[in-house]
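Trainee: Got a structure for you, written out below as structure tokens; questions coming shortly.
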Amino acid sequence: MTPCYILGIESSCDETAAAVVRADAPCGERVVSEVVLSQLEDHRPYGGVVPEIAARAHLSALQALVAEAMQRAGVGYGDLSAVAATGGPGLIGGVIVGVMAAKAIAMVHDKPFLAVNHLEGHALTPRLSHDVPFPYLLLLVSGGHCQLLVVEGVGQFRRLGTTIDDAAGEAFDKVAKMIGLGYPGGPAVQAAAVGGDPRRFDLPRPLKGRPGFDFSFSGLKAAVRRSIEQMPPGPLSAQDKSDLAASFQAALVDSTLDRVRRAVRHFRANWPQGTALVVAGGVAANAPLRAELTTLAAREGLDFVAPPLKWCTDNAAMIAWAAAERLALGQSDPLDFKPRPRWPL
Ligand code: KG4
Ligand code: ZN
């Protein structure tokens with residue numbers, strides 16, 4: 001059988017990435033090569049991602065990155081079965097760069113082109129790393145998104161809930177900035193919270209105990225700001241920072257778990273054939289969140305699946321894999337596909 005190689009490109013935020021996956025390989029052996037170039041240092045002085053800087057950085061890095069991914073895979077363009085790029089949602093300048101590159105390669109080598117929804121990429125990643133059957137319950141928590149979805153199949157999503165204000169990663173990033181922990185905030189808050197007292201600051205658990213499956217984090221963020229304002233004037237001590245980080249992280253994990261617990265019960269009642277709770281997106285790297293989700297899934301009789309950390313944050317393997325799943329169903333996209341800044345699942 002001819003191997004089915006797919007080239008994927010990701011450029012919707014602050015990572016430029018290219019990967020080659022072999023769709024017909026068993027899971028664990030599918031990612032043949034992957035290269036990621038983080039723009040973290042370009043954006044750090046601004047305390048967040050600057051779209052114009054991101055777009056220019058993607059443009060200057062992508063061509064060499066794609067060539068490197070192909071070379072490492074030992075695959076020629078003629079051997080590819082398809083070429084895919086993130087088609088949105090995301091920062092539009094970067095998305096245009098990735099889509100144009102993928103279209104050009106597809107056109108020159110006469111291969112199918114696929115524009116992958118970035119969220120679908122995150123949502124299908126668990127099937128890249130594990131044999132997870134549909135349907136599964138997915139907590140998608142990243143810098144831009146916070147959703148609970150039932151993934152019923154490729155392109156088939158039932159959204160149970162979403163954030164009504166900030167995404168979870170956005171809350172981590174903003175609180176880190178307030179405490180003076182730098183960017184990106186998630187890993188910095190998690191590190192500072194070690195050795196901190198999670199009970200020192202009495203912070204709210206937004207929407208806890210309320211019906212539905214939505215999230216809210218802006219009230220929690222505002223409460224952290226008030227706690228800082230009420231402290232004696234002068235710089236925060238290292239212990240203050242640790243206690244604030246620990247208290248915030250505990251509140252965020254607690255209110256997230258409340259929403260997930262409700263969703264798990266709804267999922268089990270309405271999708272009785274479902275067997276797994278899955279987490280994806282950058283915040284899935286958070287150790288206390290993962291630990292709590294593991295316990296919850298075990299208690300509720302579901303398998304817990306978390307992709308390896310490198311495939312939780314933005315990467316191109318997830319884009320190539322989502323394209324592989326769509327290609328297997330006979331899908332591809334026209335070369336006049338227009339990049340989409342917004343593209344809900
Ligand atoms: O999925 P991702 O790489 O990009 C988006 O699609 O948004 O997620 C990035 C987000 C950032 O907000 C970052 O602070 C957060 O994931 N993050 C974490 C951790 N590692 C990354 N949040 C909490 N704990 C972590 N260990
Ligand atoms: Zn993402």
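To be explicit about the labels: the chains of the structure tokens are called A, B, and onward in the order shown, and within each one the residues are counted from 1, while ligands get numbers from 1 in the order they are shown.
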Counting only C-alpha atoms, what is within 7 Å of A:Ala18, bar same-chain residues fewer than 3 positions away, as a list in words?

Mentor: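 The neighbour list is Gly8, Ile9, Glu10, Glu34, Val35, Val36, Leu65, Val66, Ala69 and Ala316 of chain A.
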
Trainee: Based on the selection just made, write N, CA and C atoms of those residues as a PDB file, in the first residue's frame.

Mentor:
```pdb
ATOM      1  N   GLY A   8       1.206  19.317   7.102  1.00  0.00           N
ATOM      2  CA  GLY A   8       0.335  20.278   7.796  1.00  0.00           C
ATOM      3  C   GLY A   8       1.106  21.527   8.183  1.00  0.00           C
ATOM      4  N   ILE A   9       0.422  22.665   8.126  1.00  0.00           N
ATOM      5  CA  ILE A   9       1.033  23.956   8.486  1.00  0.00           C
ATOM      6  C   ILE A   9       0.140  24.654   9.500  1.00  0.00           C
ATOM      7  N   GLU A  10       0.757  25.186  10.562  1.00  0.00           N
ATOM      8  CA  GLU A  10       0.011  25.946  11.587  1.00  0.00           C
ATOM      9  C   GLU A  10       0.659  27.323  11.737  1.00  0.00           C
ATOM     10  N   GLU A  34       8.220  16.907  12.730  1.00  0.00           N
ATOM     11  CA  GLU A  34       7.527  18.145  13.113  1.00  0.00           C
ATOM     12  C   GLU A  34       8.548  19.183  13.541  1.00  0.00           C
ATOM     13  N   VAL A  35       8.280  20.419  13.130  1.00  0.00           N
ATOM     14  CA  VAL A  35       9.169  21.522  13.467  1.00  0.00           C
ATOM     15  C   VAL A  35       8.299  22.679  13.953  1.00  0.00           C
ATOM     16  N   VAL A  36       8.669  23.238  15.089  1.00  0.00           N
ATOM     17  CA  VAL A  36       7.908  24.363  15.644  1.00  0.00           C
ATOM     18  C   VAL A  36       8.881  25.489  15.954  1.00  0.00           C
ATOM     19  N   LEU A  65      10.948  26.335   7.288  1.00  0.00           N
ATOM     20  CA  LEU A  65      10.388  25.362   8.234  1.00  0.00           C
ATOM     21  C   LEU A  65       9.729  24.181   7.513  1.00  0.00           C
ATOM     22  N   VAL A  66       8.978  24.503   6.457  1.00  0.00           N
ATOM     23  CA  VAL A  66       8.318  23.453   5.663  1.00  0.00           C
ATOM     24  C   VAL A  66       9.380  22.572   5.002  1.00  0.00           C
ATOM     25  N   ALA A  69      10.795  20.260   7.608  1.00  0.00           N
ATOM     26  CA  ALA A  69       9.880  19.164   7.973  1.00  0.00           C
ATOM     27  C   ALA A  69       9.887  18.084   6.894  1.00  0.00           C
ATOM     28  N   ALA A 316       1.665  21.691  14.364  1.00  0.00           N
ATOM     29  CA  ALA A 316       1.191  21.392  13.015  1.00  0.00           C
ATOM     30  C   ALA A 316       0.781  19.934  12.848  1.00  0.00           C
TER      31      ALA A 316
END
```

Trainee: Sorted by chain and rising residue number, list the residues of chain A at most 10 Å from ligand 2 (counting only C-alpha atoms and all ligand atoms), each with its closest atom pair and distance in Å to one decimal, as a Markdown table.

Mentor:
```
| residue | atom | partner | partner_atom_place_in_ligand_line | distance |
| --- | --- | --- | --- | --- |
| A:Glu10 | CA | ligand 2 | 1 (Zn) | 9.4 |
| A:Ser11 | CA | ligand 2 | 1 (Zn) | 9.9 |
| A:Ser12 | CA | ligand 2 | 1 (Zn) | 7.9 |
| A:Cys13 | CA | ligand 2 | 1 (Zn) | 7.6 |
| A:Asp14 | CA | ligand 2 | 1 (Zn) | 9.7 |
| A:Glu15 | CA | ligand 2 | 1 (Zn) | 9.6 |
| A:Pro89 | CA | ligand 2 | 1 (Zn) | 9.3 |
| A:Gly90 | CA | ligand 2 | 1 (Zn) | 8.6 |
| A:His118 | CA | ligand 2 | 1 (Zn) | 6.5 |
| A:Leu119 | CA | ligand 2 | 1 (Zn) | 6.8 |
| A:Glu120 | CA | ligand 2 | 1 (Zn) | 9.8 |
| A:Gly121 | CA | ligand 2 | 1 (Zn) | 8.2 |
| A:His122 | CA | ligand 2 | 1 (Zn) | 6.6 |
| A:Ala123 | CA | ligand 2 | 1 (Zn) | 9.9 |
| A:Leu140 | CA | ligand 2 | 1 (Zn) | 9.2 |
| A:Val141 | CA | ligand 2 | 1 (Zn) | 8.7 |
| A:Ser142 | CA | ligand 2 | 1 (Zn) | 6.0 |
| A:Gly143 | CA | ligand 2 | 1 (Zn) | 7.2 |
| A:Gly144 | CA | ligand 2 | 1 (Zn) | 7.2 |
| A:His145 | CA | ligand 2 | 1 (Zn) | 7.9 |
| A:Ala280 | CA | ligand 2 | 1 (Zn) | 8.9 |
| A:Gly281 | CA | ligand 2 | 1 (Zn) | 5.8 |
| A:Gly282 | CA | ligand 2 | 1 (Zn) | 6.9 |
| A:Val283 | CA | ligand 2 | 1 (Zn) | 9.9 |
| A:Trp311 | CA | ligand 2 | 1 (Zn) | 9.7 |
| A:Cys312 | CA | ligand 2 | 1 (Zn) | 8.0 |
| A:Thr313 | CA | ligand 2 | 1 (Zn) | 6.1 |
| A:Asp314 | CA | ligand 2 | 1 (Zn) | 4.7 |
| A:Asn315 | CA | ligand 2 | 1 (Zn) | 7.9 |
| A:Met318 | CA | ligand 2 | 1 (Zn) | 9.8 |
```

Trainee: Please identify all polymer residues within 7 Å of A:Ala306, counting only C-alpha atoms, omitting same-chain residues fewer than 4 positions from it, and present them as a list in words.

Mentor: Pro126, Val278, Val279 and Ala280 of chain A

Trainee: So, counting only C-alpha atoms, which residue among A:Val116, A:Ile228, A:Ala269, A:Leu137 is closest to A:Leu345?

Mentor: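 The shortest atom-to-atom distance to A:Leu345 comes from A:Val116.
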
Trainee: Write out as an NGL selection string the set of residues from stretch 224-325 of chain A that DSSP, computed on the backbone, places in strand (DSSP E or B).

Mentor: :A and (276-280 or 303-305)

Trainee: Could you save the residues just selected, with C-alpha atoms, as a JSON list (two decimals), in the first residue's frame?

Mentor:
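Heads up, here's the output in part09.json:
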```
[["chain", "number", "residue", "atom", "x", "y", "z"],
["A", 276, "ALA", "CA", -13.68, 9.01, 27.32],
["A", 277, "LEU", "CA", -13.14, 12.43, 28.82],
["A", 278, "VAL", "CA", -10.49, 14.27, 26.86],
["A", 279, "VAL", "CA", -8.64, 17.52, 27.46],
["A", 280, "ALA", "CA", -6.84, 19.57, 24.80],
["A", 303, "ASP", "CA", -11.20, 6.90, 30.50],
["A", 304, "PHE", "CA", -9.17, 10.09, 30.77],
["A", 305, "VAL", "CA", -7.12, 10.99, 27.72]]
```

Trainee: Skip A:Ala263 itself and residues of its chain fewer than 5 positions away, then list as a PDB file with C-alpha atoms, in the first residue's frame all residues within 8 Å of it, counting only C-alpha atoms.

Mentor:
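Done, and the output landed in result.pdb:
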```pdb
ATOM      1  CA  LEU A 148     -17.016  21.767  26.410  1.00  0.00           C
ATOM      2  CA  LEU A 160     -22.375  22.038  25.438  1.00  0.00           C
ATOM      3  CA  PHE A 213     -22.010  24.131  31.085  1.00  0.00           C
TER       4      PHE A 213
END
```

Trainee: Let me make sure I understand: among A:Ala328, A:Leu335, A:Ala25, A:Val151, which one has the smallest atom-to-atom distance to A:Gly274 if we use only C-alpha atoms?

Mentor: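 Closest candidate: A:Val151.
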
Trainee: Quick one: pull the distance between atom 17 (N, counted along the ligand's line) of ligand 1 and atom CA of A:Glu170, Å, one decimal.

Mentor: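 So the answer is 8.8 Å.
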
Trainee: Just how far from atom CA of A:Leu114 is atom CA of A:Asp79, in Å to one decimal?

Mentor: 16.4 Å

Trainee: Got a sec: who's within 12 Å of stretch 199-201 of chain A, counting only C-alpha atoms, leaving out chain neighbours fewer than 5 positions off, as a list of chain:residue names?

Mentor: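 My reading of the contact set: A:Ala193, A:Leu220, A:Ala223, A:Val224, A:Arg225, A:Arg226, A:Ser227, A:Ile228, A:Gln230, A:Met231, A:Gln239, A:Asp240, A:Lys241, A:Ser242, A:Asp243, A:Leu244, A:Ala245, A:Ala246, A:Ser247, A:Phe248, A:Gln249, A:Ala250, A:Ala251.
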
Trainee: Using only C-alpha atoms, which residues sit within 8 Å of A:Ala323 once same-chain residues fewer than 2 positions away are excluded, as a list of chain:residue names?

Mentor: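 The residues that qualify are A:Ile6, A:Gly8, A:Ala84, A:Leu114, A:Ala115, A:Val116, A:Ile319, A:Ala320, A:Trp321, A:Glu325, A:Arg326, A:Leu327.
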
Trainee: Please produce a file of those selected residues containing C-alpha atoms, as a PDB file, in the first residue's frame.

Mentor:
```pdb
ATOM      1  CA  ILE A   6       0.123  14.651   4.743  1.00  0.00           C
ATOM      2  CA  GLY A   8       0.335  20.278   7.796  1.00  0.00           C
ATOM      3  CA  ALA A  84      -3.160  21.220   4.789  1.00  0.00           C
ATOM      4  CA  LEU A 114      -7.391  21.111   3.041  1.00  0.00           C
ATOM      5  CA  ALA A 115      -8.137  24.183   5.164  1.00  0.00           C
ATOM      6  CA  VAL A 116      -8.389  22.874   8.716  1.00  0.00           C
ATOM      7  CA  ILE A 319      -3.493  20.145  11.621  1.00  0.00           C
ATOM      8  CA  ALA A 320      -2.061  17.401   9.419  1.00  0.00           C
ATOM      9  CA  TRP A 321      -3.940  14.779  11.461  1.00  0.00           C
ATOM     10  CA  GLU A 325      -9.276  12.323   9.132  1.00  0.00           C
ATOM     11  CA  ARG A 326     -11.150  14.531   6.636  1.00  0.00           C
ATOM     12  CA  LEU A 327      -9.270  13.139   3.637  1.00  0.00           C
TER      13      LEU A 327
END
```

Trainee: Extract, using only C-alpha atoms, all DNA, RNA and protein residues at most 7 Å from stretch 37-52 of chain A, discarding same-chain residues fewer than 2 positions from it, and format them as a list in words.

Mentor: Asp14, Glu15, Thr16, Ala17, Val35, Ala54, Ala55, Arg56, Leu91, Gly182 and Tyr183 of chain A

Trainee: Between A:Thr294, A:Ser129, A:Ser216, A:Asn117, which is the closest to ligand 1 once you count only C-alpha atoms and all ligand atoms?

Mentor: A:Asn117

Trainee: Go ahead and compute the interatomic distance for atom CA of A:Ala104 and atom CA of A:Leu7, in Å to one decimal.

Mentor: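 Going from atom CA of A:Ala104 over to atom CA of A:Leu7 covers 12.7 Å.
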